[in-house]
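*Asks:* Below you'll find work-v6.cif; it's mmCIF, C-alpha atoms.
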```
data_my_file
#
loop_
_atom_site.label_atom_id
_atom_site.label_comp_id
_atom_site.auth_asym_id
_atom_site.auth_seq_id
_atom_site.Cartn_x
_atom_site.Cartn_y
_atom_site.Cartn_z
CA MET O 1 0.00 0.00 0.00
CA THR O 2 1.37 3.39 -0.87
CA ILE O 3 0.51 6.26 1.35
CA ALA O 4 0.41 9.58 -0.43
CA ASP O 5 2.36 12.49 0.93
CA TYR O 6 0.18 15.33 2.07
CA PRO O 7 0.99 18.97 1.29
CA ILE O 8 0.60 21.15 4.39
CA SER O 9 0.98 24.85 5.14
CA VAL O 10 1.57 25.67 8.76
CA THR O 11 2.43 28.89 10.54
CA ILE O 12 4.86 28.40 13.41
CA ASN O 13 5.86 31.40 15.52
CA GLY O 14 4.61 33.69 12.76
CA ARG O 15 6.66 32.06 10.03
CA ALA O 16 5.05 30.08 7.20
CA TYR O 17 6.21 26.51 6.57
CA GLN O 18 5.22 24.35 3.62
CA HIS O 19 6.06 20.69 3.39
CA HIS O 20 4.86 17.35 2.17
CA VAL O 21 4.32 14.92 5.02
CA GLU O 22 3.19 11.37 5.55
CA PRO O 23 -0.16 11.30 7.41
CA ARG O 24 1.28 9.24 10.24
CA LEU O 25 3.93 11.85 11.06
CA LEU O 26 3.25 13.18 14.55
CA LEU O 27 3.06 16.94 14.89
CA ALA O 28 5.81 16.90 17.53
CA ASP O 29 8.12 15.05 15.13
CA TYR O 30 7.22 17.44 12.34
CA ILE O 31 8.08 20.44 14.49
CA ARG O 32 11.40 18.94 15.57
CA GLN O 33 12.61 17.05 12.54
CA VAL O 34 11.04 18.78 9.57
CA ALA O 35 10.65 22.37 10.74
CA GLY O 36 13.86 22.03 12.76
CA LEU O 37 12.50 23.58 15.94
CA THR O 38 13.94 21.31 18.61
CA GLY O 39 12.76 23.35 21.59
CA THR O 40 9.62 21.22 21.73
CA HIS O 41 10.51 18.04 23.59
CA ILE O 42 9.06 14.58 23.34
CA GLY O 43 8.67 12.62 26.55
CA CYS O 44 6.02 9.96 26.81
CA GLU O 45 4.31 10.00 23.39
CA HIS O 46 0.94 9.36 24.93
CA GLY O 47 -0.17 12.71 26.25
CA VAL O 48 0.73 12.25 29.89
CA CYS O 49 3.98 14.13 30.53
CA GLY O 50 3.28 17.45 28.80
CA ALA O 51 6.82 18.03 27.50
CA CYS O 52 5.55 18.44 23.92
CA THR O 53 2.89 21.04 24.79
CA ILE O 54 2.59 23.77 22.16
CA LEU O 55 -0.05 26.37 21.34
CA PHE O 56 -2.41 25.31 18.58
CA ASP O 57 -4.46 28.32 17.48
CA GLY O 58 -3.56 29.85 20.84
CA LYS O 59 -4.52 26.90 23.02
CA PRO O 60 -2.15 24.47 24.75
CA VAL O 61 -2.28 20.97 23.22
CA ARG O 62 -0.07 17.90 23.16
CA SER O 63 1.80 17.86 19.87
CA CYS O 64 2.73 14.17 20.33
CA ILE O 65 -0.88 13.03 20.01
CA MET O 66 -1.76 14.98 16.90
CA PHE O 67 -0.72 14.41 13.32
CA ALA O 68 1.17 17.04 11.36
CA VAL O 69 -1.49 16.90 8.61
CA GLN O 70 -4.00 18.13 11.18
CA ALA O 71 -2.04 21.36 11.58
CA ASP O 72 -2.59 22.29 7.93
CA GLY O 73 -3.84 25.87 7.85
CA HIS O 74 -3.37 26.42 11.58
CA GLN O 75 -1.27 28.73 13.73
CA LEU O 76 1.25 27.12 16.06
CA MET O 77 3.50 28.58 18.67
CA THR O 78 6.45 26.76 20.20
CA VAL O 79 8.87 27.77 22.94
CA GLU O 80 11.08 29.40 20.29
CA GLY O 81 8.31 31.92 19.69
CA LEU O 82 8.38 33.31 23.21
CA SER O 83 11.26 35.69 22.66
CA SER O 84 11.55 37.91 19.61
CA ASP O 85 15.35 37.87 19.54
CA GLU O 86 18.22 35.90 20.96
CA LYS O 87 19.31 38.61 23.39
CA HIS O 88 16.12 38.87 25.41
CA LEU O 89 14.01 36.40 27.29
CA HIS O 90 10.26 36.56 27.60
CA PRO O 91 9.21 37.63 31.14
CA LEU O 92 7.96 34.09 31.67
CA GLN O 93 11.40 32.70 30.79
CA GLU O 94 13.09 35.33 32.96
CA ALA O 95 10.94 34.30 35.89
CA PHE O 96 11.85 30.63 35.45
CA TRP O 97 15.51 31.61 35.37
CA GLU O 98 15.34 33.86 38.42
CA ALA O 99 13.18 31.60 40.57
CA HIS O 100 15.05 28.41 39.61
CA GLY O 101 11.98 26.99 37.91
CA LEU O 102 14.09 24.44 36.06
CA GLN O 103 16.97 22.10 36.62
CA CYS O 104 17.57 19.77 33.68
CA GLY O 105 15.16 21.75 31.52
CA PHE O 106 13.61 18.88 29.63
CA CYS O 107 10.06 19.61 30.79
CA THR O 108 10.45 23.41 30.69
CA PRO O 109 9.16 24.12 27.16
CA GLY O 110 5.95 22.30 28.02
CA PHE O 111 5.52 24.22 31.26
CA LEU O 112 6.13 27.53 29.51
CA MET O 113 3.63 26.84 26.74
CA THR O 114 1.04 25.71 29.27
CA LEU O 115 1.59 28.74 31.49
CA LEU O 116 1.76 31.42 28.79
CA PRO O 117 -1.97 31.61 27.95
CA TYR O 118 -2.94 30.74 31.51
CA LEU O 119 -1.00 33.65 33.02
CA GLN O 120 -2.18 35.98 30.29
CA ASP O 121 -5.75 35.20 31.38
CA HIS O 122 -5.01 35.03 35.13
CA PRO O 123 -2.96 38.03 36.33
CA LYS O 124 -3.00 37.03 40.01
CA PRO O 125 -3.24 33.25 40.31
CA SER O 126 -3.13 31.63 43.74
CA GLU O 127 -0.67 28.86 44.46
CA GLU O 128 -3.51 26.36 44.26
CA GLN O 129 -4.63 27.67 40.88
CA ILE O 130 -1.08 27.48 39.55
CA ARG O 131 -0.74 23.90 40.75
CA GLU O 132 -4.00 23.02 38.98
CA ALA O 133 -2.87 24.81 35.80
CA ILE O 134 0.41 22.87 35.65
CA SER O 135 -1.08 19.55 36.75
CA GLY O 136 -0.80 18.24 33.18
CA ASN O 137 2.97 18.71 33.07
CA LEU O 138 5.46 16.44 34.78
CA CYS O 139 8.81 17.56 36.18
CA ARG O 140 11.16 15.04 37.75
CA CYS O 141 13.77 17.51 39.05
CA THR O 142 12.32 20.48 40.85
CA GLY O 143 9.66 19.03 43.11
CA TYR O 144 7.45 21.75 41.54
CA GLN O 145 7.83 24.34 44.32
CA HIS O 146 10.25 26.45 42.30
CA ILE O 147 8.03 26.15 39.24
CA VAL O 148 5.10 27.48 41.26
CA ASP O 149 7.30 30.32 42.51
CA ALA O 150 8.41 31.04 38.95
CA ALA O 151 4.81 31.11 37.73
CA LYS O 152 3.90 33.61 40.46
CA LEU O 153 6.85 35.79 39.58
CA ALA O 154 6.01 35.50 35.89
CA ALA O 155 2.44 36.64 36.52
CA GLU O 156 3.81 39.80 38.18
CA LYS O 157 6.32 40.44 35.41
CA MET O 158 3.84 39.80 32.60
CA HIS O 159 1.27 42.18 34.04
CA THR O 160 3.55 45.05 35.03
CA SER O 161 5.80 45.31 31.98
CA MET K 1 6.93 4.26 19.07
CA LYS K 2 5.32 5.74 15.99
CA PRO K 3 1.99 4.93 14.33
CA ALA K 4 1.78 2.38 11.54
CA PRO K 5 0.97 3.79 8.08
CA PHE K 6 -2.64 4.55 7.23
CA GLU K 7 -4.69 6.25 4.59
CA TYR K 8 -5.97 9.65 5.64
CA PHE K 9 -9.09 11.56 4.71
CA ALA K 10 -10.14 14.90 6.15
CA PRO K 11 -13.60 15.63 4.75
CA ASP K 12 -15.00 19.09 5.43
CA SER K 13 -18.64 18.06 5.55
CA LEU K 14 -20.60 15.43 7.46
CA GLU K 15 -22.04 14.24 4.15
CA ALA K 16 -18.57 13.50 2.77
CA ALA K 17 -17.57 11.73 6.00
CA LEU K 18 -20.70 9.54 5.89
CA GLU K 19 -20.02 8.71 2.27
CA LEU K 20 -16.57 7.44 3.30
CA LYS K 21 -18.13 5.48 6.17
CA ALA K 22 -20.64 3.94 3.74
CA GLN K 23 -17.80 2.87 1.47
CA HIS K 24 -15.33 1.60 4.05
CA GLY K 25 -17.39 0.65 7.11
CA ASP K 26 -15.44 -0.61 10.10
CA GLU K 27 -12.16 -0.40 8.23
CA ALA K 28 -12.44 3.37 8.42
CA LYS K 29 -11.78 4.62 11.92
CA ALA K 30 -13.20 8.02 12.81
CA LEU K 31 -10.59 10.41 14.23
CA ALA K 32 -12.22 12.92 16.58
CA GLY K 33 -9.93 14.62 19.11
CA GLY K 34 -7.56 11.69 18.92
CA GLN K 35 -6.59 11.97 22.57
CA SER K 36 -7.19 8.25 23.12
CA LEU K 37 -6.83 6.95 19.56
CA ILE K 38 -3.47 8.52 18.72
CA PRO K 39 -1.74 7.34 21.91
CA ALA K 40 -3.07 3.86 21.09
CA MET K 41 -1.68 4.24 17.55
CA ASN K 42 1.67 5.44 18.91
CA PHE K 43 1.89 2.22 20.90
CA ARG K 44 0.53 0.30 17.90
CA VAL K 45 -2.23 -1.10 20.06
CA ALA K 46 -4.46 0.36 17.35
CA GLN K 47 -3.46 0.10 13.70
CA PRO K 48 -6.35 1.42 11.63
CA THR K 49 -5.73 1.27 7.90
CA LEU K 50 -7.87 4.29 7.13
CA LEU K 51 -8.63 7.36 9.21
CA ILE K 52 -11.48 9.77 8.64
CA ASP K 53 -10.46 12.94 10.43
CA LEU K 54 -13.63 14.75 11.53
CA ASN K 55 -11.89 17.91 12.72
CA ARG K 56 -12.71 19.94 9.62
CA ILE K 57 -16.44 19.29 9.99
CA THR K 58 -17.34 22.52 11.75
CA GLU K 59 -21.07 21.75 11.51
CA LEU K 60 -20.55 19.20 14.30
CA ARG K 61 -19.17 21.75 16.75
CA TYR K 62 -22.04 23.42 18.62
CA ILE K 63 -23.85 23.67 21.93
CA ARG K 64 -27.54 24.55 21.68
CA LYS K 65 -30.60 24.59 23.84
CA ASN K 66 -33.55 23.57 21.77
CA GLY K 67 -35.89 21.78 24.14
CA ALA K 68 -33.04 19.64 25.44
CA LEU K 69 -29.39 20.64 25.56
CA ARG K 70 -27.71 19.50 22.34
CA ILE K 71 -23.98 19.12 21.91
CA GLY K 72 -22.43 18.46 18.51
CA ALA K 73 -20.18 15.41 18.61
CA MET K 74 -17.05 17.33 17.58
CA THR K 75 -17.43 20.00 20.25
CA VAL K 76 -14.18 20.07 22.21
CA GLN K 77 -14.48 19.30 25.91
CA ALA K 78 -12.91 22.63 26.88
CA GLN K 79 -15.70 24.46 25.07
CA ALA K 80 -18.36 22.54 26.98
CA GLU K 81 -16.39 23.08 30.20
CA TYR K 82 -16.80 26.85 30.03
CA ASP K 83 -20.18 27.00 28.30
CA GLY K 84 -22.99 28.80 30.10
CA LEU K 85 -25.74 26.61 28.63
CA VAL K 86 -24.00 23.47 29.88
CA ALA K 87 -23.50 24.97 33.35
CA THR K 88 -27.18 25.95 33.57
CA HIS K 89 -28.91 23.02 31.90
CA ALA K 90 -26.56 20.11 32.58
CA PRO K 91 -24.74 21.08 35.80
CA LEU K 92 -23.73 17.46 36.41
CA LEU K 93 -21.91 17.45 33.07
CA HIS K 94 -20.37 20.82 33.94
CA GLU K 95 -19.10 19.40 37.23
CA ALA K 96 -17.66 16.28 35.59
CA ILE K 97 -15.76 17.79 32.65
CA PRO K 98 -12.80 19.26 34.60
CA ASN K 99 -12.07 15.69 35.75
CA ILE K 100 -11.37 14.55 32.18
CA ALA K 101 -7.59 14.18 31.82
CA HIS K 102 -5.70 17.51 31.69
CA SER K 103 -6.67 20.91 30.32
CA GLN K 104 -4.37 20.39 27.31
CA ILE K 105 -6.25 17.19 26.49
CA ARG K 106 -9.65 18.87 26.89
CA ASN K 107 -8.56 21.53 24.39
CA ARG K 108 -8.45 18.83 21.75
CA GLY K 109 -10.59 15.95 23.04
CA THR K 110 -14.22 16.01 21.96
CA VAL K 111 -17.50 15.24 23.69
CA GLY K 112 -18.57 12.78 21.00
CA GLY K 113 -15.15 11.17 20.70
CA SER K 114 -14.99 10.29 24.37
CA ILE K 115 -18.51 8.86 24.30
CA ALA K 116 -17.97 6.79 21.15
CA HIS K 117 -14.67 5.51 22.56
CA ALA K 118 -16.67 3.97 25.44
CA ASP K 119 -13.80 3.62 27.85
CA PRO K 120 -15.28 2.36 31.16
CA ALA K 121 -12.83 4.62 33.02
CA SER K 122 -14.00 7.80 31.31
CA GLU K 123 -16.40 10.35 32.71
CA LEU K 124 -18.71 11.23 29.83
CA PRO K 125 -20.33 7.79 29.34
CA VAL K 126 -21.20 7.80 33.06
CA ILE K 127 -22.76 11.26 32.73
CA CYS K 128 -24.74 10.15 29.66
CA ILE K 129 -26.25 7.25 31.62
CA ALA K 130 -26.91 9.40 34.70
CA LEU K 131 -28.70 12.10 32.70
CA ASP K 132 -30.56 9.72 30.33
CA ALA K 133 -28.84 11.27 27.34
CA ARG K 134 -29.68 10.24 23.78
CA MET K 135 -27.14 9.76 21.02
CA ARG K 136 -27.83 10.68 17.42
CA ALA K 137 -26.33 8.10 15.07
CA GLN K 138 -26.17 9.04 11.42
CA SER K 139 -25.37 7.00 8.35
CA LYS K 140 -25.44 8.06 4.72
CA SER K 141 -28.99 6.80 4.35
CA ALA K 142 -30.59 7.24 7.77
CA GLY K 143 -30.40 8.74 11.24
CA ARG K 144 -31.61 7.30 14.53
CA TRP K 145 -31.64 8.08 18.24
CA ILE K 146 -30.05 5.65 20.68
CA GLU K 147 -30.78 5.86 24.40
CA ALA K 148 -27.58 6.04 26.46
CA ARG K 149 -28.53 2.76 28.13
CA ASP K 150 -28.59 1.03 24.73
CA PHE K 151 -25.53 2.79 23.39
CA PHE K 152 -22.72 1.36 25.52
CA ALA K 153 -22.07 -2.29 24.75
CA GLY K 154 -19.14 -3.27 26.93
CA LEU K 155 -15.44 -2.57 26.89
CA PHE K 156 -14.71 0.09 24.23
CA ALA K 157 -17.84 -1.04 22.37
CA THR K 158 -20.99 0.75 21.30
CA THR K 159 -24.06 -0.16 19.27
CA LEU K 160 -23.06 2.22 16.47
CA GLN K 161 -23.16 0.41 13.14
CA PRO K 162 -20.08 0.27 10.88
CA ASP K 163 -21.53 2.90 8.53
CA GLU K 164 -22.68 5.24 11.32
CA LEU K 165 -21.12 8.20 13.08
CA LEU K 166 -22.17 9.71 16.38
CA VAL K 167 -23.19 13.25 15.45
CA GLU K 168 -24.99 14.72 18.47
CA VAL K 169 -25.62 14.07 22.14
CA GLU K 170 -28.87 15.26 23.66
CA PHE K 171 -29.13 15.89 27.39
CA PRO K 172 -32.68 16.28 28.74
CA GLY K 173 -33.13 18.50 31.80
CA MET K 174 -33.22 17.01 35.29
CA ALA K 175 -36.52 16.46 37.12
CA GLN K 176 -37.72 19.12 39.55
CA TYR K 177 -36.14 19.10 43.05
CA THR K 178 -33.13 17.13 41.87
CA GLY K 179 -29.65 17.49 43.32
CA TYR K 180 -26.55 16.17 41.63
CA ALA K 181 -22.88 15.50 42.27
CA PHE K 182 -19.92 14.04 40.43
CA MET K 183 -16.79 12.92 42.26
CA GLU K 184 -13.80 10.80 41.39
CA LEU K 185 -10.45 9.85 42.87
CA ALA K 186 -7.20 9.45 40.97
CA ARG K 187 -3.62 8.93 42.13
CA ARG K 188 -2.51 12.07 40.31
CA SER K 189 -4.51 14.91 38.83
CA GLY K 190 -5.58 13.92 35.33
CA ASP K 191 -4.90 10.21 35.67
CA TYR K 192 -7.59 7.63 35.06
CA ALA K 193 -9.71 7.56 38.18
CA MET K 194 -9.55 4.56 40.51
CA ALA K 195 -13.21 5.16 41.28
CA GLY K 196 -15.84 7.76 40.50
CA VAL K 197 -19.56 8.31 40.80
CA ALA K 198 -22.33 10.45 39.40
CA ALA K 199 -25.19 10.82 41.86
CA LEU K 200 -28.67 12.23 41.32
CA LEU K 201 -31.23 12.60 44.08
CA THR K 202 -34.80 13.75 43.45
CA LEU K 203 -36.88 14.77 46.45
CA ALA K 204 -40.63 14.72 46.85
CA LYS K 205 -42.26 17.85 48.30
CA ASP K 206 -42.17 16.28 51.77
CA GLY K 207 -38.42 15.80 51.56
CA THR K 208 -38.41 12.05 51.02
CA CYS K 209 -36.36 10.52 48.27
CA GLN K 210 -38.53 10.10 45.21
CA GLN K 211 -35.86 8.94 42.83
CA ALA K 212 -32.12 8.42 42.88
CA LYS K 213 -29.42 7.40 40.49
CA LEU K 214 -25.88 6.22 41.06
CA VAL K 215 -23.55 5.56 38.14
CA TYR K 216 -19.93 4.50 38.53
CA LEU K 217 -16.83 4.56 36.39
CA ASN K 218 -13.98 2.07 36.12
CA VAL K 219 -15.70 -0.68 38.12
CA GLY K 220 -17.01 -2.77 35.23
CA ASP K 221 -16.86 -3.05 31.46
CA GLY K 222 -18.89 0.14 31.04
CA PRO K 223 -20.72 2.67 33.19
CA VAL K 224 -22.17 0.72 36.15
CA GLU K 225 -25.56 1.63 37.59
CA ALA K 226 -26.25 0.73 41.20
CA SER K 227 -29.87 -0.30 40.94
CA GLN K 228 -30.11 -2.15 44.28
CA ALA K 229 -28.55 0.74 46.17
CA VAL K 230 -30.95 3.15 44.55
CA ALA K 231 -33.93 0.93 45.41
CA SER K 232 -32.91 1.09 49.07
CA LEU K 233 -33.17 4.90 49.01
CA LYS K 234 -36.47 5.23 47.21
CA GLY K 235 -39.31 6.47 49.43
CA THR K 236 -37.11 6.89 52.49
CA LYS K 237 -36.10 10.02 54.32
CA PRO K 238 -32.54 10.85 53.22
CA SER K 239 -30.05 10.52 56.07
CA THR K 240 -26.38 9.82 56.66
CA ASP K 241 -27.29 6.28 57.74
CA ALA K 242 -29.40 5.67 54.65
CA PHE K 243 -26.57 6.92 52.43
CA ARG K 244 -24.04 4.71 54.21
CA HIS K 245 -26.33 1.73 53.73
CA ALA K 246 -26.80 2.56 50.05
CA ALA K 247 -23.04 2.99 49.60
CA LEU K 248 -22.49 -0.46 51.08
CA ILE K 249 -25.02 -2.07 48.76
CA ALA K 250 -23.63 -0.24 45.73
CA SER K 251 -20.03 -1.18 46.45
CA GLN K 252 -20.69 -4.78 47.53
CA LYS K 253 -23.65 -5.89 45.40
CA ASP K 254 -24.06 -3.61 42.40
CA MET K 255 -20.50 -3.60 41.11
CA ALA K 256 -17.81 -6.14 40.30
CA PRO K 257 -14.61 -4.12 39.85
CA PHE K 258 -11.62 -5.83 38.20
CA GLY K 259 -8.93 -4.06 40.17
CA ASN K 260 -5.90 -2.63 38.41
CA LEU K 261 -2.32 -1.50 38.92
CA HIS K 262 -3.37 1.46 41.04
CA ALA K 263 -6.17 -0.03 43.10
CA SER K 264 -7.20 -3.57 43.98
CA ALA K 265 -10.83 -4.55 43.49
CA ASP K 266 -11.41 -4.26 47.24
CA TYR K 267 -9.90 -0.81 47.33
CA GLN K 268 -12.07 0.24 44.37
CA ARG K 269 -15.12 -0.92 46.32
CA HIS K 270 -13.93 0.99 49.37
CA LEU K 271 -13.36 4.19 47.38
CA SER K 272 -16.65 3.82 45.52
CA ALA K 273 -18.49 3.51 48.84
CA ALA K 274 -16.76 6.55 50.33
CA LEU K 275 -17.48 8.60 47.22
CA THR K 276 -21.10 7.45 47.20
CA GLU K 277 -21.69 8.78 50.71
CA ARG K 278 -20.07 12.11 49.89
CA ALA K 279 -21.78 12.48 46.52
CA LEU K 280 -25.21 11.66 47.93
CA ALA K 281 -24.72 14.21 50.74
CA LYS K 282 -23.76 16.86 48.21
CA ALA K 283 -26.66 15.95 45.93
CA LEU K 284 -29.05 16.10 48.88
CA ALA K 285 -27.85 19.56 49.91
CA ARG K 286 -28.40 20.76 46.35
CA ALA K 287 -31.82 19.11 46.11
CA GLU K 288 -32.92 20.69 49.39
CA LYS K 289 -31.89 24.07 48.05
CA THR K 290 -34.23 23.67 45.07
CA LEU K 291 -37.01 22.59 47.42
CA LYS K 292 -36.65 25.80 49.44
CA SER K 293 -36.38 28.19 46.52
#
```
For the file at hand, write its structure as structure tokens.

*Replies:*
Amino acid sequence: MTIADYPISVTINGRAYQHHVEPRLLLADYIRQVAGLTGTHIGCEHGVCGACTILFDGKPVRSCIMFAVQADGHQLMTVEGLSSDEKHLHPLQEAFWEAHGLQCGFCTPGFLMTLLPYLQDHPKPSEEQIREAISGNLCRCTGYQHIVDAAKLAAEKMHTS
Amino acid sequence: MKPAPFEYFAPDSLEAALELKAQHGDEAKALAGGQSLIPAMNFRVAQPTLLIDLNRITELRYIRKNGALRIGAMTVQAQAEYDGLVATHAPLLHEAIPNIAHSQIRNRGTVGGSIAHADPASELPVICIALDARMRAQSKSAGRWIEARDFFAGLFATTLQPDELLVEVEFPGMAQYTGYAFMELARRSGDYAMAGVAALLTLAKDGTCQQAKLVYLNVGDGPVEASQAVASLKGTKPSTDAFRHAALIASQKDMAPFGNLHASADYQRHLSAALTERALAKALARAEKTLKS
């Protein structure tokens, strides 16, 4: 059986990408291997760990349990889209840096992409709300406390600057 | 791992999707949100040869109140989670949705997809049974309504025919003076629950229990109704003792949990009983409120 390649047009971080892909290609693999944006990480490949979380039309989704063909015509944002240049970090990234919200960093892109829209919508989240918001992302280093601190700090930074 | 190869169609109308279903039948697997199907394909537990992606069919994404509350099968769970009509007219559904996996999954997972997947551990089938929902099945040539009770046919099985798609779920309103509650327990937030229950309690004007309903998840090969427990409540004055008695009957007689990695069968019974007492108390408080207002 031959499986036809599918033409897709996707916008990632404001830039247009056009490729032919096999339908079974996962969106996370497309982003990393075809578009070359390796900031999105792949952990569990079944939607549990959250490392591959990206924004799909502005909403956090798992890119490891979607196909690249499904992104045709849609707007994606990955961790690379947070900062507009290489010299500056997004306030959310700054907060993670300053509050030690990461150690090995593998889970961080997923946390950032989950928190970005959440903190935009929730300027003053409580600790409990933050813990609920990040409950779909696993981190094996930090014990989460520093991530919660970073999210609080990020909320302040994002809504004062 | 990565999915095995498959043929892919992404029709932009229901008509085109039904045409494909008519041609390919069971060989063509419908792809809704994919939040259960794609993980299964990644592990190669599922290897469909042909996928019909329903995500471009915008006509199946809606929430309407037209007599009953109607939800298009491709409505994402996050939309139903924050929808005012759902909160007002199906508060039990509203209470249950945040328990479905994680927010990122609910942004993609659909109401119809979860129901048609018929996982005994999932919340929406339980809610459908509790609320006496009806499912609209559509094929190229005909449409029909299926009562929730006739829809679920065991582990990951439904009574949908090979050429049919689930297109709408209809939730009728609850009876007057009815209180509700949904509760579940999982090891971690977003995990499959070890136990969970949807409870409905309808009071008569004099405060006695006129009608009750208890539906459980993950303790059988589909949503499990506790009919003996409910019979013990009918016509009695609701009380902590009566609820404890009902919880005991439900957990010991009405269900036969399998047990799993996270909870033995006995522990599932224990949790189901504890949740039953709490859920009935919450439902009672809500029912009494409607009686007073």

*Asks:* To one decimal in Å, tell me the separation between CA of Phe6 (chain K) and CA of Ala121 (chain K).

*Replies:* 27.7 Å

*Asks:* For Lys2 (chain K), which residue out of O:Leu153, O:Ile147, O:Leu82, O:Met66 is the nearest one, using all atoms listed in the file?

*Replies:*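 Residue with the minimum atom-to-atom distance to Lys2 (chain K): O:Met66.
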
*Asks:* Run the PyMOL selection byres ((chain O and resi 97-99) around 8) mentally over the shown coordinates, then write out the matched residues as a ChimeraX atom specification, using the chain letters and numbers from the document.

*Replies:* /O:93-96,100-102,146-147,149-150,153

*Asks:* Run the PyMOL selection byres ((chain O) within 7 of (chain K)) on the file and write out the hits as a list in words.

*Replies:*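 When the PyMOL selection byres ((chain O) within 7 of (chain K)) is applied to the shown file, the picked residues are Ile3, Pro23, Arg24, Glu45, His46, Lys59, Pro60, Val61, Arg62, Ile65, Met66, Ser135 and Gly136 of chain O.
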
*Asks:* Any chance you could resolve the PyMOL selection byres ((chain K and resi 58) around 10) against this file and give the residues as a list in words?

*Replies:* Asp12, Ser13, Leu14, Leu54, Asn55, Arg56, Ile57, Glu59, Leu60, Arg61, Tyr62, Gly72, Met74 and Thr75 of chain K

*Asks:* Those residues you just picked out, can you put them in a file as a short mmCIF file (atom, residue, chain, number, x, y, z; two decimals), keeping the file's coordinate frame with C-alpha atoms?

*Replies:*
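That gives us again31.cif:
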```
data_model
loop_
_atom_site.label_atom_id
_atom_site.label_comp_id
_atom_site.auth_asym_id
_atom_site.auth_seq_id
_atom_site.Cartn_x
_atom_site.Cartn_y
_atom_site.Cartn_z
CA ASP K 12 -15.00 19.09 5.43
CA SER K 13 -18.64 18.06 5.55
CA LEU K 14 -20.60 15.43 7.46
CA LEU K 54 -13.63 14.75 11.53
CA ASN K 55 -11.89 17.91 12.72
CA ARG K 56 -12.71 19.94 9.62
CA ILE K 57 -16.44 19.29 9.99
CA GLU K 59 -21.07 21.75 11.51
CA LEU K 60 -20.55 19.20 14.30
CA ARG K 61 -19.17 21.75 16.75
CA TYR K 62 -22.04 23.42 18.62
CA GLY K 72 -22.43 18.46 18.51
CA MET K 74 -17.05 17.33 17.58
CA THR K 75 -17.43 20.00 20.25
#
```

*Asks:* Taking the point (14.9, 15.7, 38.5) as given in the file, collect each protein or nucleic acid residue that comes within 12 Å of it, counting all atoms listed in the file, and present the set as a list in words.

*Replies:*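 Here the neighbourhood of the point contains Gly101, Leu102, Gln103, Cys104, Gly105, Phe106, Cys107, Thr108, Leu138, Cys139, Arg140, Cys141, Thr142, Gly143 and Tyr144 of chain O.
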
*Asks:* Which neighbours of region 274-282 of chain K fall inside 7 Å, counting only C-alpha atoms, when residues of the same chain fewer than 3 positions from it are skipped, and could you give them as a count of residues only?

*Replies:* 13

*Asks:* Which is closest to His20 (chain O) among O:Asp72, O:Cys49, O:Arg32, O:Cys64, if we use all atoms listed in the file?

*Replies:*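 Checking each of O:Asp72, O:Cys49, O:Arg32, O:Cys64 against His20 (chain O), counting all atoms listed in the file, the winner is O:Asp72.
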
*Asks:* Mind pulling up the distance from CA of Thr159 (chain K) to CA of Ala87 (chain K)?

*Replies:*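 CA of Thr159 (chain K) lies 28.8 Å from CA of Ala87 (chain K).
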